[in-house]
$ cat work00.txt   # compact mmCIF, C-alpha atoms and all ligand atoms
# COMPACT_ATOMS: atom_id res chain seq x y z
CA MET A 19 -28.44 -0.15 -19.17
CA ASN A 20 -28.38 -3.41 -21.09
CA SER A 21 -26.16 -4.81 -23.78
CA ALA A 22 -28.82 -4.56 -26.50
CA SER A 23 -28.92 -0.77 -26.16
CA HIS A 24 -25.32 -0.30 -27.25
CA SER A 25 -23.88 0.44 -30.65
CA ASP A 26 -23.24 -2.12 -33.39
CA SER A 27 -20.63 -4.59 -32.11
CA GLY A 28 -18.81 -4.38 -35.47
CA ALA A 29 -18.03 -0.66 -35.10
CA ALA A 30 -14.74 0.50 -33.57
CA ARG A 31 -14.94 1.73 -29.98
CA VAL A 32 -12.11 4.10 -29.20
CA VAL A 33 -10.92 5.07 -25.72
CA ARG A 34 -8.13 7.63 -25.27
CA VAL A 35 -5.57 7.48 -22.49
CA GLU A 36 -4.65 11.14 -21.91
CA LEU A 37 -1.04 11.40 -20.81
CA GLY A 38 0.30 14.44 -22.63
CA PRO A 39 3.08 13.37 -25.01
CA ARG A 40 2.54 9.74 -23.99
CA SER A 41 -1.20 9.75 -24.85
CA TYR A 42 -2.56 6.87 -26.91
CA GLU A 43 -5.69 5.19 -28.18
CA ILE A 44 -7.26 1.91 -27.21
CA ARG A 45 -9.20 0.63 -30.25
CA ILE A 46 -11.72 -2.16 -29.70
CA GLN A 47 -13.23 -3.89 -32.74
CA PRO A 48 -14.00 -7.40 -33.97
CA GLY A 49 -11.58 -8.47 -36.71
CA LEU A 50 -9.08 -5.74 -35.78
CA LEU A 51 -6.11 -8.13 -35.92
CA LEU A 52 -6.19 -7.98 -39.72
CA LYS A 53 -5.98 -4.18 -39.64
CA VAL A 54 -3.06 -3.94 -37.22
CA GLY A 55 -0.58 -3.59 -40.11
CA GLN A 56 -2.30 -0.47 -41.49
CA LEU A 57 -2.85 0.99 -38.02
CA LEU A 58 0.75 0.38 -37.03
CA ALA A 59 2.02 2.05 -40.19
CA THR A 60 0.21 5.27 -39.22
CA THR A 61 0.71 5.15 -35.43
CA VAL A 62 4.30 4.09 -34.97
CA LYS A 63 6.08 4.44 -38.32
CA ALA A 64 8.61 1.78 -37.26
CA ARG A 65 10.93 0.38 -39.86
CA ARG A 66 11.29 -2.95 -38.09
CA VAL A 67 8.79 -4.76 -35.91
CA LEU A 68 9.18 -7.83 -33.74
CA VAL A 69 5.97 -9.59 -32.72
CA VAL A 70 6.29 -11.41 -29.38
CA THR A 71 3.73 -14.07 -28.56
CA ASP A 72 3.58 -17.54 -27.02
CA ARG A 73 3.34 -21.02 -28.51
CA ASN A 74 -0.39 -21.28 -27.83
CA ILE A 75 -1.34 -17.93 -29.35
CA GLY A 76 1.19 -17.89 -32.20
CA PRO A 77 -0.49 -20.53 -34.38
CA VAL A 78 -3.97 -19.02 -33.87
CA HIS A 79 -3.42 -15.25 -33.98
CA GLY A 80 0.29 -14.78 -34.77
CA ARG A 81 0.24 -15.93 -38.38
CA PRO A 82 -2.75 -13.71 -39.38
CA LEU A 83 -1.09 -10.76 -37.66
CA ALA A 84 2.24 -11.40 -39.42
CA LYS A 85 0.36 -11.47 -42.76
CA ALA A 86 -1.41 -8.20 -41.91
CA LEU A 87 1.97 -6.60 -41.20
CA GLN A 88 3.41 -7.91 -44.46
CA SER A 89 0.55 -6.54 -46.52
CA ALA A 90 1.11 -3.12 -44.92
CA GLY A 91 4.77 -3.30 -46.03
CA ILE A 92 6.15 -3.80 -42.50
CA SER A 93 8.87 -6.39 -41.96
CA GLY A 94 8.08 -8.28 -38.81
CA ASP A 95 9.30 -11.56 -37.37
CA LEU A 96 7.23 -13.62 -34.97
CA ILE A 97 8.81 -14.93 -31.75
CA GLU A 98 6.92 -17.64 -29.89
CA LEU A 99 7.83 -17.99 -26.20
CA PRO A 100 6.80 -20.78 -23.83
CA PRO A 101 3.28 -20.12 -22.50
CA GLY A 102 2.48 -19.28 -18.86
CA GLU A 103 3.64 -17.06 -15.98
CA GLY A 104 6.96 -18.98 -16.11
CA ALA A 105 7.92 -16.78 -19.08
CA LYS A 106 8.07 -13.67 -16.90
CA THR A 107 11.54 -14.56 -15.69
CA TRP A 108 14.94 -12.97 -16.11
CA GLU A 109 16.09 -15.93 -18.27
CA VAL A 110 13.30 -15.49 -20.85
CA CYS A 111 13.70 -11.72 -20.69
CA LYS A 112 17.44 -12.05 -21.45
CA SER A 113 16.72 -14.39 -24.36
CA LEU A 114 14.38 -11.75 -25.77
CA TYR A 115 17.13 -9.08 -25.53
CA ASP A 116 19.42 -11.52 -27.40
CA ILE A 117 16.80 -11.92 -30.16
CA CYS A 118 16.39 -8.13 -30.40
CA PHE A 119 20.16 -7.75 -30.92
CA ASP A 120 20.37 -10.76 -33.29
CA GLN A 121 17.58 -9.30 -35.43
CA GLY A 122 19.31 -5.93 -35.62
CA LEU A 123 16.57 -3.99 -33.84
CA ASP A 124 17.44 -0.39 -33.07
CA ARG A 125 15.87 2.63 -31.38
CA SER A 126 13.45 3.10 -34.28
CA SER A 127 12.10 -0.47 -33.98
CA CYS A 128 8.85 -1.48 -32.35
CA LEU A 129 7.81 -4.53 -30.34
CA VAL A 130 4.28 -5.88 -30.64
CA ALA A 131 2.97 -7.82 -27.62
CA LEU A 132 0.43 -10.34 -28.91
CA GLY A 133 -1.13 -12.33 -26.09
CA GLY A 134 -2.22 -12.22 -22.48
CA GLY A 135 -0.87 -10.31 -19.50
CA VAL A 136 2.35 -12.33 -19.30
CA ILE A 137 3.36 -11.53 -22.89
CA GLY A 138 2.30 -7.88 -22.48
CA ASP A 139 4.20 -7.35 -19.22
CA LEU A 140 7.36 -9.09 -20.45
CA THR A 141 7.41 -7.50 -23.92
CA GLY A 142 6.65 -4.10 -22.38
CA PHE A 143 9.56 -4.51 -19.97
CA VAL A 144 11.95 -5.42 -22.80
CA ALA A 145 10.64 -2.40 -24.79
CA ALA A 146 11.16 -0.17 -21.72
CA THR A 147 14.79 -1.21 -21.30
CA PHE A 148 16.20 -2.25 -24.72
CA MET A 149 18.44 0.63 -25.86
CA ARG A 150 16.91 2.72 -23.02
CA GLY A 151 13.42 2.30 -24.38
CA ILE A 152 11.76 1.65 -27.73
CA ASP A 153 8.14 1.79 -28.91
CA PHE A 154 5.75 -1.04 -28.24
CA VAL A 155 2.14 -1.80 -29.04
CA GLN A 156 -0.23 -4.04 -27.13
CA VAL A 157 -2.45 -6.52 -28.98
CA PRO A 158 -4.12 -8.35 -26.08
CA THR A 159 -5.86 -11.66 -26.78
CA THR A 160 -7.25 -12.51 -23.31
CA LEU A 161 -10.08 -10.71 -21.53
CA LEU A 162 -7.81 -10.03 -18.57
CA ALA A 163 -5.19 -8.33 -20.73
CA MET A 164 -7.86 -6.41 -22.68
CA VAL A 165 -9.47 -4.88 -19.58
CA ASP A 166 -6.42 -4.37 -17.39
CA ALA A 167 -2.88 -5.51 -18.16
CA SER A 168 -2.49 -3.98 -21.64
CA VAL A 169 -3.52 -0.49 -20.52
CA GLY A 170 -1.56 1.86 -18.28
CA GLY A 171 2.11 1.12 -18.94
CA LYS A 172 2.94 -1.18 -16.04
CA THR A 173 5.58 -3.56 -17.42
CA ALA A 174 7.44 -6.18 -15.42
CA ILE A 175 8.97 -9.57 -14.90
CA ASP A 176 8.53 -11.59 -11.69
CA HIS A 177 11.13 -12.05 -8.98
CA PRO A 178 10.84 -15.30 -7.00
CA ARG A 179 9.94 -13.15 -3.99
CA SER A 180 7.62 -10.70 -5.69
CA LYS A 181 5.15 -10.85 -8.57
CA ASN A 182 6.01 -8.04 -11.01
CA GLY A 183 8.89 -7.22 -8.63
CA ILE A 184 11.23 -5.96 -11.39
CA GLY A 185 9.66 -3.52 -13.82
CA ALA A 186 9.19 -0.08 -15.30
CA PHE A 187 6.43 2.29 -16.28
CA HIS A 188 6.48 2.41 -20.10
CA GLN A 189 3.30 3.33 -21.95
CA PRO A 190 2.43 1.50 -25.18
CA ARG A 191 1.95 3.62 -28.32
CA ALA A 192 -1.45 2.02 -28.89
CA VAL A 193 -3.64 -0.84 -27.71
CA PHE A 194 -5.43 -2.81 -30.45
CA ILE A 195 -8.16 -5.10 -29.09
CA ASP A 196 -9.68 -7.62 -31.50
CA SER A 197 -12.71 -8.79 -29.53
CA ASP A 198 -13.02 -11.80 -31.90
CA ALA A 199 -9.97 -13.25 -30.12
CA LEU A 200 -12.28 -14.06 -27.21
CA LYS A 201 -14.10 -16.64 -29.34
CA THR A 202 -11.23 -19.10 -28.87
CA LEU A 203 -10.25 -18.13 -25.31
CA PRO A 204 -10.54 -21.11 -22.90
CA ASP A 205 -13.48 -20.79 -20.47
CA ARG A 206 -11.24 -20.62 -17.43
CA ASP A 207 -9.35 -17.63 -18.88
CA LEU A 208 -12.59 -15.85 -19.79
CA LYS A 209 -13.76 -16.18 -16.18
CA SER A 210 -10.37 -15.05 -14.91
CA GLY A 211 -10.76 -11.84 -16.96
CA LEU A 212 -14.22 -11.28 -15.50
CA ALA A 213 -12.61 -10.88 -12.06
CA GLU A 214 -10.93 -7.67 -13.26
CA VAL A 215 -14.19 -6.50 -14.89
CA ILE A 216 -16.03 -6.98 -11.57
CA LYS A 217 -13.19 -5.09 -9.88
CA TYR A 218 -14.03 -1.85 -11.77
CA GLY A 219 -17.64 -2.07 -10.58
CA VAL A 220 -16.65 -2.47 -6.94
CA ILE A 221 -13.91 0.15 -6.86
CA GLU A 222 -15.70 3.03 -8.52
CA ASP A 223 -18.91 2.32 -10.39
CA ALA A 224 -22.03 0.90 -8.72
CA ALA A 225 -24.06 1.25 -11.94
CA PHE A 226 -21.50 -0.82 -13.86
CA PHE A 227 -21.57 -3.42 -11.06
CA ALA A 228 -25.36 -3.67 -11.47
CA TRP A 229 -24.90 -3.93 -15.26
CA ILE A 230 -22.53 -6.90 -14.76
CA GLU A 231 -25.08 -8.53 -12.44
CA GLN A 232 -27.73 -8.18 -15.13
CA ASN A 233 -25.55 -9.19 -18.07
CA LEU A 234 -23.37 -11.91 -16.54
CA ALA A 235 -25.10 -14.72 -18.44
CA ALA A 236 -24.49 -12.87 -21.73
CA LEU A 237 -20.83 -12.30 -20.81
CA LEU A 238 -20.34 -15.98 -19.95
CA ALA A 239 -22.08 -16.96 -23.21
CA ARG A 240 -19.57 -14.66 -25.02
CA ASP A 241 -22.25 -12.38 -26.43
CA PRO A 242 -20.09 -10.05 -28.60
CA GLU A 243 -22.07 -6.91 -27.76
CA ALA A 244 -21.95 -7.54 -23.99
CA LEU A 245 -18.24 -8.34 -24.09
CA SER A 246 -17.38 -5.28 -26.21
CA TYR A 247 -19.34 -3.06 -23.81
CA ALA A 248 -17.62 -4.58 -20.75
CA ILE A 249 -14.19 -4.12 -22.36
CA GLU A 250 -14.89 -0.52 -23.40
CA HIS A 251 -16.31 0.41 -20.01
CA SER A 252 -13.41 -1.21 -18.11
CA CYS A 253 -10.87 0.49 -20.41
CA ARG A 254 -12.61 3.87 -19.86
CA SER A 255 -12.31 3.43 -16.08
CA LYS A 256 -8.70 2.41 -16.32
CA ALA A 257 -7.80 5.17 -18.83
CA ARG A 258 -9.30 7.83 -16.58
CA ILE A 259 -7.58 6.53 -13.44
CA VAL A 260 -4.21 6.17 -15.22
CA GLY A 261 -4.64 9.62 -16.84
CA GLU A 262 -4.97 11.14 -13.36
CA ASP A 263 -2.28 9.08 -11.62
CA GLU A 264 0.11 7.48 -14.11
CA ARG A 265 2.69 6.29 -11.58
CA GLU A 266 0.54 5.20 -8.65
CA SER A 267 1.62 8.13 -6.52
CA GLU A 268 1.14 8.39 -2.77
CA GLY A 269 -2.48 9.37 -2.19
CA GLY A 270 -3.41 8.91 -5.88
CA ASN A 271 -6.26 6.79 -7.21
CA ARG A 272 -4.27 4.25 -9.25
CA ALA A 273 -3.71 2.26 -6.08
CA LEU A 274 -7.46 1.51 -6.05
CA LEU A 275 -6.88 -0.76 -9.06
CA ASN A 276 -5.06 -3.03 -6.61
CA TYR A 277 -8.31 -4.02 -4.89
CA GLY A 278 -8.08 -7.77 -4.27
CA HIS A 279 -4.44 -7.77 -5.33
CA THR A 280 -2.68 -7.53 -1.93
CA PHE A 281 -4.19 -10.86 -0.88
CA GLY A 282 -4.23 -12.12 -4.49
CA HIS A 283 -0.55 -11.49 -5.24
CA ALA A 284 0.42 -13.18 -1.95
CA ILE A 285 -1.55 -16.28 -3.02
CA GLU A 286 0.16 -16.31 -6.43
CA ALA A 287 3.68 -15.76 -5.03
CA CYS A 288 3.21 -18.38 -2.29
CA LEU A 289 2.12 -20.95 -4.88
CA ASN A 290 5.01 -20.02 -7.16
CA TYR A 291 2.53 -18.61 -9.72
CA GLN A 292 1.00 -22.04 -10.25
CA GLY A 293 -2.39 -23.39 -9.29
CA TYR A 294 -4.48 -20.24 -9.72
CA LEU A 295 -4.87 -17.97 -12.74
CA HIS A 296 -4.31 -14.29 -11.90
CA GLY A 297 -8.04 -13.49 -12.00
CA GLU A 298 -8.81 -16.46 -9.74
CA ALA A 299 -6.30 -15.27 -7.13
CA VAL A 300 -7.72 -11.73 -7.43
CA ALA A 301 -11.26 -13.12 -6.98
CA ILE A 302 -10.24 -14.78 -3.70
CA GLY A 303 -8.36 -11.57 -2.81
CA MET A 304 -11.52 -9.48 -3.41
CA ALA A 305 -13.52 -11.81 -1.13
CA LEU A 306 -10.83 -11.59 1.58
CA ALA A 307 -10.67 -7.78 1.26
CA GLY A 308 -14.48 -7.78 1.54
CA GLU A 309 -14.23 -9.81 4.75
CA LEU A 310 -11.58 -7.47 6.19
CA ALA A 311 -13.79 -4.48 5.33
CA LEU A 312 -16.70 -6.20 7.05
CA ARG A 313 -14.69 -6.83 10.21
CA ARG A 314 -13.78 -3.13 10.24
CA LYS A 315 -17.46 -2.24 9.74
CA LEU A 316 -16.59 -0.29 6.58
CA TRP A 317 -19.50 -1.68 4.57
CA LYS A 318 -22.72 -3.62 5.05
CA PRO A 319 -22.89 -7.45 5.12
CA GLU A 320 -25.44 -7.32 2.24
CA GLU A 321 -22.87 -5.54 0.05
CA ALA A 322 -20.13 -8.06 0.84
CA GLU A 323 -22.59 -10.86 0.02
CA ARG A 324 -23.61 -9.21 -3.25
CA VAL A 325 -19.97 -9.05 -4.40
CA GLU A 326 -19.25 -12.62 -3.28
CA LYS A 327 -22.37 -13.86 -5.09
CA LEU A 328 -21.33 -12.17 -8.34
CA ILE A 329 -17.81 -13.61 -8.11
CA LEU A 330 -19.28 -17.10 -7.60
CA ARG A 331 -21.79 -16.66 -10.42
CA ALA A 332 -18.86 -15.76 -12.69
CA GLY A 333 -17.44 -19.22 -11.96
CA LEU A 334 -14.61 -17.82 -9.85
CA PRO A 335 -13.40 -18.96 -6.42
CA THR A 336 -13.94 -16.92 -3.23
CA LYS A 337 -12.18 -19.37 -0.92
CA LEU A 338 -8.71 -20.88 -0.74
CA ARG A 339 -8.34 -24.65 -1.10
CA LEU A 340 -7.64 -26.86 1.93
CA SER A 341 -4.33 -27.81 0.30
CA ASP A 342 -3.14 -24.19 -0.10
CA PRO A 343 -0.20 -22.89 1.98
CA ALA A 344 -0.65 -22.14 5.68
CA PRO A 345 -2.14 -18.75 6.64
CA GLU A 346 1.18 -17.66 8.20
CA LEU A 347 3.02 -18.27 4.90
CA LEU A 348 0.40 -16.40 2.89
CA HIS A 349 0.51 -13.54 5.39
CA ALA A 350 4.33 -13.38 5.18
CA ALA A 351 4.06 -13.20 1.38
CA THR A 352 1.99 -9.98 1.55
CA PHE A 353 5.09 -8.18 2.83
CA SER A 354 7.03 -8.78 -0.40
CA ASP A 355 4.32 -7.15 -2.44
CA LYS A 356 4.88 -3.70 -3.95
CA LYS A 357 1.76 -2.53 -2.17
CA THR A 358 3.75 -2.59 1.06
CA ARG A 359 5.71 0.60 1.78
CA GLY A 360 8.26 0.88 4.60
CA GLY A 361 7.13 -2.55 5.77
CA GLN A 362 3.59 -1.22 6.28
CA LEU A 363 0.69 -3.15 4.79
CA ARG A 364 -1.74 -1.32 2.52
CA PHE A 365 -5.15 -2.66 1.70
CA VAL A 366 -7.68 -1.35 -0.78
CA LEU A 367 -10.99 -1.90 1.00
CA PRO A 368 -14.54 -1.23 -0.14
CA THR A 369 -16.68 1.17 1.87
CA ALA A 370 -19.66 0.48 -0.44
CA ILE A 371 -20.17 -1.10 -3.85
CA GLY A 372 -18.63 1.54 -6.14
CA LYS A 373 -16.45 3.09 -3.44
CA THR A 374 -13.03 2.04 -2.16
CA ALA A 375 -10.15 3.60 -0.25
CA VAL A 376 -6.58 2.69 0.69
CA PHE A 377 -6.11 1.74 4.35
CA LYS A 378 -2.62 1.87 5.85
CA ASP A 379 -3.68 1.24 9.42
CA VAL A 380 -4.50 -2.48 9.30
CA PRO A 381 -2.47 -4.11 12.08
CA GLU A 382 -0.53 -7.22 11.04
CA ALA A 383 -2.48 -9.38 13.50
CA GLU A 384 -5.80 -8.27 11.96
CA ALA A 385 -4.66 -9.20 8.44
CA LEU A 386 -3.26 -12.53 9.64
CA LYS A 387 -6.58 -13.30 11.35
CA VAL A 388 -8.41 -12.99 8.02
CA TRP A 389 -6.08 -15.56 6.43
CA GLN A 390 -6.56 -17.81 9.50
CA ASP A 391 -10.32 -17.47 9.98
CA VAL A 392 -11.78 -17.62 6.50
CA PRO A 393 -12.94 -21.18 5.79
CA ARG A 394 -11.37 -23.08 2.91
CA ALA A 395 -13.18 -25.04 0.24
N1 LIG B 1 -3.28 -3.55 -12.69
C1 LIG B 1 -3.18 -2.41 -11.85
C2 LIG B 1 -2.63 -1.20 -12.54
O1 LIG B 1 -2.42 -1.22 -13.74
O2 LIG B 1 -2.38 -0.20 -11.90
$ encode --input "work00.txt" --output "structure tokens"
Amino acid sequence: MNSASHSDSGAARVVRVELGPRSYEIRIQPGLLLKVGQLLATTVKARRVLVVTDRNIGPVHGRPLAKALQSAGISGDLIELPPGEGAKTWEVCKSLYDICFDQGLDRSSCLVALGGGVIGDLTGFVAATFMRGIDFVQVPTTLLAMVDASVGGKTAIDHPRSKNGIGAFHQPRAVFIDSDALKTLPDRDLKSGLAEVIKYGVIEDAAFFAWIEQNLAALLARDPEALSYAIEHSCRSKARIVGEDERESEGGNRALLNYGHTFGHAIEACLNYQGYLHGEAVAIGMALAGELALRRKLWKPEEAERVEKLILRAGLPTKLRLSDPAPELLHAATFSDKKTRGGQLRFVLPTAIGKTAVFKDVPEAEALKVWQDVPRA
């Protein structure tokens, strides 16, 4: 498998999320932003649309999108929120409800989330709860949102004690991915998105992991064909997993998507969502989960090294910084995560590259020891 063998990067790649009456399409295509108006008119049939974005993305992608809506005869205002994880708070969420009421939105209206994971999660949560739920569409502009956050209907805001601690499952009506948006994405954000791409390889697809190893240079150089393939493949994995286990049920496979996230979310929460991008925290979390799996003799040292090497080659961290919070604080933060049930820790651990399982039997002391022992950079 190599990127050159795939279809023309200008053609639309379509992935379907099969969820009965809540099924929808993920459409991936360069230049798609300018077609969102037409697509929206046929998918959602909303009379009024509110586009939610942030102040960084608005000037670059918001104006073209607003124009595309106008030319399709859809009336749609553009709301620009402050950028960053800080927007996923109750205060910003409330201000968005106020705007929805001020603008006269009703149950037939539709929200469009234009941006990264923060905008998607927040807008999705407002769509899930405003008037008991209205339609929303995801138009992700970061790699991380394209391959993970925009698909699957997890919507949320943060609570000071828990990332995504307040939320709802609410599926979008469609996901429109304009891969051209990656041309202007800052390098650090591109790398952060690659963490979630690597995740799919480790959790369930050894061949895809090997493809990433072979094509990493092309991905980092933003080769459109390689990026479109990585997005489509990641979305296919996620669509299949979500189609089988929409609500992350006990014993279901959706929990596997949390590989690297038990440690990662604890890092983010402990640092008050500052200091690391989500993908960076997940990258460290994947390395720590790899170390825990190694200590439990679940997989071979060569496999752990192969994953760590790929994470490093992607320009992502595998170690905490010396200045990061104490191991005991990070360990305590894992207990506020939603992946804990009845106070019991749950870890998604690899048993091979391409194979993972949920482990509920990791004693607290064993998890704490990983935080304590792993050297810092
Ligand atoms: N990001 C994990 C999930 O959507 O289940």
$ residues_around --input "work00.txt" --residues "stretch 69-78 of chain A" --least-positions-apart "2" --cutoff "7 Å" --atoms "only C-alpha atoms" --output "PDB file with C-alpha atoms, in the frame of the given file"
ATOM      1  CA  VAL A  67       8.790  -4.760 -35.910  1.00  0.00           C
ATOM      2  CA  GLY A  80       0.290 -14.780 -34.770  1.00  0.00           C
ATOM      3  CA  ARG A  81       0.240 -15.930 -38.380  1.00  0.00           C
ATOM      4  CA  GLY A  94       8.080  -8.280 -38.810  1.00  0.00           C
ATOM      5  CA  ASP A  95       9.300 -11.560 -37.370  1.00  0.00           C
ATOM      6  CA  LEU A  96       7.230 -13.620 -34.970  1.00  0.00           C
ATOM      7  CA  ILE A  97       8.810 -14.930 -31.750  1.00  0.00           C
ATOM      8  CA  GLU A  98       6.920 -17.640 -29.890  1.00  0.00           C
ATOM      9  CA  LEU A  99       7.830 -17.990 -26.200  1.00  0.00           C
ATOM     10  CA  PRO A 100       6.800 -20.780 -23.830  1.00  0.00           C
ATOM     11  CA  PRO A 101       3.280 -20.120 -22.500  1.00  0.00           C
ATOM     12  CA  LEU A 129       7.810  -4.530 -30.340  1.00  0.00           C
ATOM     13  CA  VAL A 130       4.280  -5.880 -30.640  1.00  0.00           C
ATOM     14  CA  ALA A 131       2.970  -7.820 -27.620  1.00  0.00           C
ATOM     15  CA  LEU A 132       0.430 -10.340 -28.910  1.00  0.00           C
ATOM     16  CA  GLY A 133      -1.130 -12.330 -26.090  1.00  0.00           C
ATOM     17  CA  ILE A 137       3.360 -11.530 -22.890  1.00  0.00           C
ATOM     18  CA  THR A 141       7.410  -7.500 -23.920  1.00  0.00           C
TER      19      THR A 141
END
$ residues_around --input "work00.txt" --residues "A:Leu87" --least-positions-apart "4" --cutoff "8 Å" --atoms "all atoms listed in the file" --output "PyMOL selection string"
chain A and resi 54-56+83+91-94
$ write_last_selection --input "work00.txt" --atoms "C-alpha atoms" --output "CSV table (one decimal), in the frame of the given file"
chain,number,residue,atom,x,y,z
A,54,VAL,CA,-3.1,-3.9,-37.2
A,55,GLY,CA,-0.6,-3.6,-40.1
A,56,GLN,CA,-2.3,-0.5,-41.5
A,83,LEU,CA,-1.1,-10.8,-37.7
A,91,GLY,CA,4.8,-3.3,-46.0
A,92,ILE,CA,6.2,-3.8,-42.5
A,93,SER,CA,8.9,-6.4,-42.0
A,94,GLY,CA,8.1,-8.3,-38.8
$ atom_distance --input "work00.txt" --atom1 "atom CA of A:Glu326" --atom2 "atom CA of A:Leu306"
9.8 Å
$ atom_distance --input "work00.txt" --atom1 "atom CA of A:Arg339" --atom2 "atom CA of A:Glu214"
21.0 Å
$ closest_residue --input "work00.txt" --among "A:Ala385, A:Ala350, A:Leu162, A:Ala395" --to "A:Leu338" --atoms "only C-alpha atoms"
A:Ala395
$ residues_near_point --input "work00.txt" --point "(-6.6, -17.4, -22.3)" --cutoff "9 Å" --atoms "all atoms listed in the file" --output "number ranges by chain"
A: 75, 133-134, 159-162, 200, 202-208, 210-211
